[in-house]
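One structure is given here, and the rest of the page talks about it.
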Amino acid sequence: MPLIYEIMAKEITARAEDYSKWYLDIVKKAGLADNSAVRGCMVIKPNGYAIWEKMRDQLDRMFKETGHVNAYFPLFIPKSFLSKEADHVEGFAKECAVVTHHRLMNNPNGSGVVVDPGAKLEEELIVRPTSETIIWNTYRDWIKSYRDLPLLINQWANVVRWELRTRPFLRTTEFLWQEGHTAHATKKEAEEEAHLIHEIYARFAEDYMAMPVIKGAKTANERFAGAEQTYTIEALMQDGKALQAGTSHFLGQNFAKAFDVKFASDNNIEDYVWATSWGVSTRLVGGLIMTHSDDAGLVLPPRLAPMQVVIVPIPKPTPSILEVAQRIESQIKALGISVKIDMDEKKRPGFKFAQYEMEGVPIRLGIGQRDIDKGVIEVARRDERTKSFVSIEGVDRYVKQLLDDIQVNLLYRAMHFRDDRTSFVDTFDEFEKVLEGKGGFIYAHWDGTSESELKIKEKTKATIRCIPCDNPSESGKDLISGKPSNQRVLFAKAY
RNA sequence: CGGGGCGUAGCGCAGUCCGGUUAGCGCACCUGGUUUGGGACCAGGGGGUCGCAGGUUCGAAUCCUGCCGCCCCGACCA
């Protein structure tokens with residue numbers, strides 16, 4: 001009979017009290033990231049980086065399984081490159097860090113160093129906010145023939161976007177991501193590529209992050225700067241706001257034309273190549289936190305938890321307890337599960353329990369002499385905050401199964417939450433009422449014009465998150481204009 | 001860049017209005033002891049250019065001037 005245990009989260013602000021503070025508390029208390037000396041930039045600490053590494057490794061596998069390879073392009077982009085694609089420069093110009101000099105010198109008027117005016121760069125360099133331009137400038141040299149296509153390249157990198165307001169993981173000035181940049185001989189193939197990646201992102205979100213997402217296309221307003229079409233996965237956070245968790249763009253021939261990338265087809269006809277680009281970032285870590293965590297701290301899905309099981313000797317690691325603990329540890333390890341025994345003799349069990357709960361370790365095994373005498377061990381699952389005793393014999397298989405159960409349960413729970421916070425409305429009044437009330441996703445009719453979309457944004461701060469894929473057609477009237485619409489689109493306030 | 005708030009030990013704060021011994025508290029840290037099934041207790045200890053610079057004063061964390069930084073709220077964004 002599982003027992004629900006009380007959480008004493010004395011170090012974490014409750015969600016209901018201050019959601020934003022709750023988020024920051026978790027980032028801090030779970031040891032995910034720190035603020036840094038540089039405004040807007042965070043230090044990703046080992047616990048946080050380990051989660052990103054797990055995400056990265058899995059995504060990397062998925063990209064490679066579908067024929068992609070990794071490469072690396074420079075951090076710096078010549079300023080002139082950025083302006084070659086008109087929409088692209090317009091989208092990013094306002095948030096670029098610029099390198100103007102290459103040398104410092106001792107301050108002639110005092111202490112410290114100053115920029116050496118004699119070391120001014122002939123052409124200023126932009127710190128990449130994304131790499132389309134430098135990559136397509138390179139692709140021009142790589143692509144001559146249809147035999148060079150498709151070119152399926154991904155890079156893991158950092159980028160800089162000079163945002164005015166930042167939050168750890170969700171929006172930082174510098175962030176880590178992957179950016180795929182592919183080149184294709186036909187429009188159809190490029191579109192398929194964009195869809196394939198869109199699908200991979202959705203699958204990753206649901207199968208690994210246990211974060212349900214709505215797949216859809218962006219409206220023209222929300223599209224990536226320079227894209228013909230942007231596909232997105234949209235997740236719903238616990239405060240009822242949407243998070244864009246990954247985007248895949250069909251770029252048409254825009255960058256090929258801007259950088260003059262042409263190829264000869266098999267019947268020797270020259271044409272511009274077709275492109276895609278796609279990315280997910282450390283923002284996913286923020287999404288992960290806000291999808292599952294509770295007032296006791298971080299909750300991690302087992303598949304992304306750096307440490308899946310922790311064994312806590314109670315009250316401390318005595319030789320006889322340790323002997324059993326180590327046997328269980330090696331059995332669990334043999335099943336490919338990451339596990340550690342907490343050997344710290346100074347801290348008491350209660351402290352450790354609270355600590356591992358804050359850090360989101362999915363399963364905690366508590367083992368004391370009383371348990372050993374009875375042949376049982378205490379198993380606590382983080383997601384449901386329950387404890388129960390199971391037989392030591394076979395606990396390894398029990399734990400393996402429980403990890404799977406937790407993974408499924410988190411997804412199920414998040415889906416339930418999302419469905420609960422999804423509304424269908426037909427009038428603007430209702431729309432506002434829902435936004436002010438429970439928030440969340442709202443399906444409503446839209447006439448397809450930017451005017452209506454912007455008006456709603458202006459009045460309510462809500463935006464069209466996407467036009468869902470496989471959207472059923474349904475006739476109705478636009479919330480604002482009253483003009484006819486043949487489908488509902490997904491609205492929400494967003495991060 | 002507009003509006004608001006804050007800078008005192010690693011973190012969180014009191015002290016500032018009304019200037020006056022050696023700047024204080026909680027947490028964390030170190031040492032020793034007693035403890036140990038949900039964040040232990042006792043004793044001892046280390047740690048501070050009171051954001052920076054200038055000024056007023058016999059005397060400044062406290063008053064004045066200037067600067068710097070950070071946080072929150074708005075306009076832009078993965």
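FYI, nothing fancy with the structure tokens labels: chains A, B, ... in order, residues from 1 per chain, ligands from 1 as they appear.
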Give the alpha helix (DSSP H) residues of range 52-213 of chain A, as assigned by DSSP on the backbone, as number ranges by chain. A: 52-65, 79-82, 86-92, 132-142, 187-207
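Residues from chain B found within 8 Å of chain A are U36, G37, G38, G39, A40, C76, C77 and A78 of chain B, counting only C-alpha atoms (C1' of nucleotides).
Of the residues in range 329-376 of chain A, those that DSSP places in strand (DSSP E) on the basis of the backbone are Val339, Lys340, Ile341, Ile363, Arg364, Leu365, Gly366, Ile367, Gly368 and Val376 of chain A.
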Deliver the residues from the most recent selection as a file, using C-alpha atoms, as a compact mmCIF listing (two decimals), in the first residue's frame.
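Written file, part.txt:
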# COMPACT_ATOMS: atom_id res chain seq x y z
CA VAL A 339 22.26 4.63 -9.85
CA LYS A 340 24.36 5.79 -6.94
CA ILE A 341 24.58 5.11 -3.24
CA ILE A 363 13.35 6.80 -7.72
CA ARG A 364 14.82 6.73 -4.25
CA LEU A 365 15.55 3.50 -2.44
CA GLY A 366 15.78 3.77 1.32
CA ILE A 367 17.43 0.90 3.09
CA GLY A 368 17.92 0.38 6.81
CA VAL A 376 12.35 -5.46 2.00
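Each of B:G48, B:A28, B:A53, B:U65 was compared to C11 in chain B using only C-alpha atoms (C1' of nucleotides), and B:A28 turns out to be the nearest.
With CA of Leu322 in chain A on one side and CA of Ile337 in chain A on the other, the separation reads 19.0 Å.
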Leu149 in chain A environment, 10 Å, only C-alpha atoms (C1' of nucleotides), sequence neighbours closer than 3 positions dropped, as a ChimeraX atom specification: /A:142-146,152,182-186,263,273-274
For the interface of range 319-428 of chain A with range 444-450 of chain A (cut-off 8 Å, counting only C-alpha atoms), please tabulate each contacting residue of range 319-428 of chain A alongside its nearest pair of atoms and their separation in Å to one decimal, rows sorted by chain and increasing number, as CSV.
residue,atom,partner,partner_atom,distance
A:Phe424,CA,A:Ala444,CA,6.1
A:Val425,CA,A:Ala444,CA,5.5
A:Asp426,CA,A:Ala444,CA,6.1
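Restricting the calculation to only C-alpha atoms, the smallest distance between Phe76 in chain A and any of A:Val361, A:Ile321, A:Leu125, A:Ala256 is found for A:Leu125.
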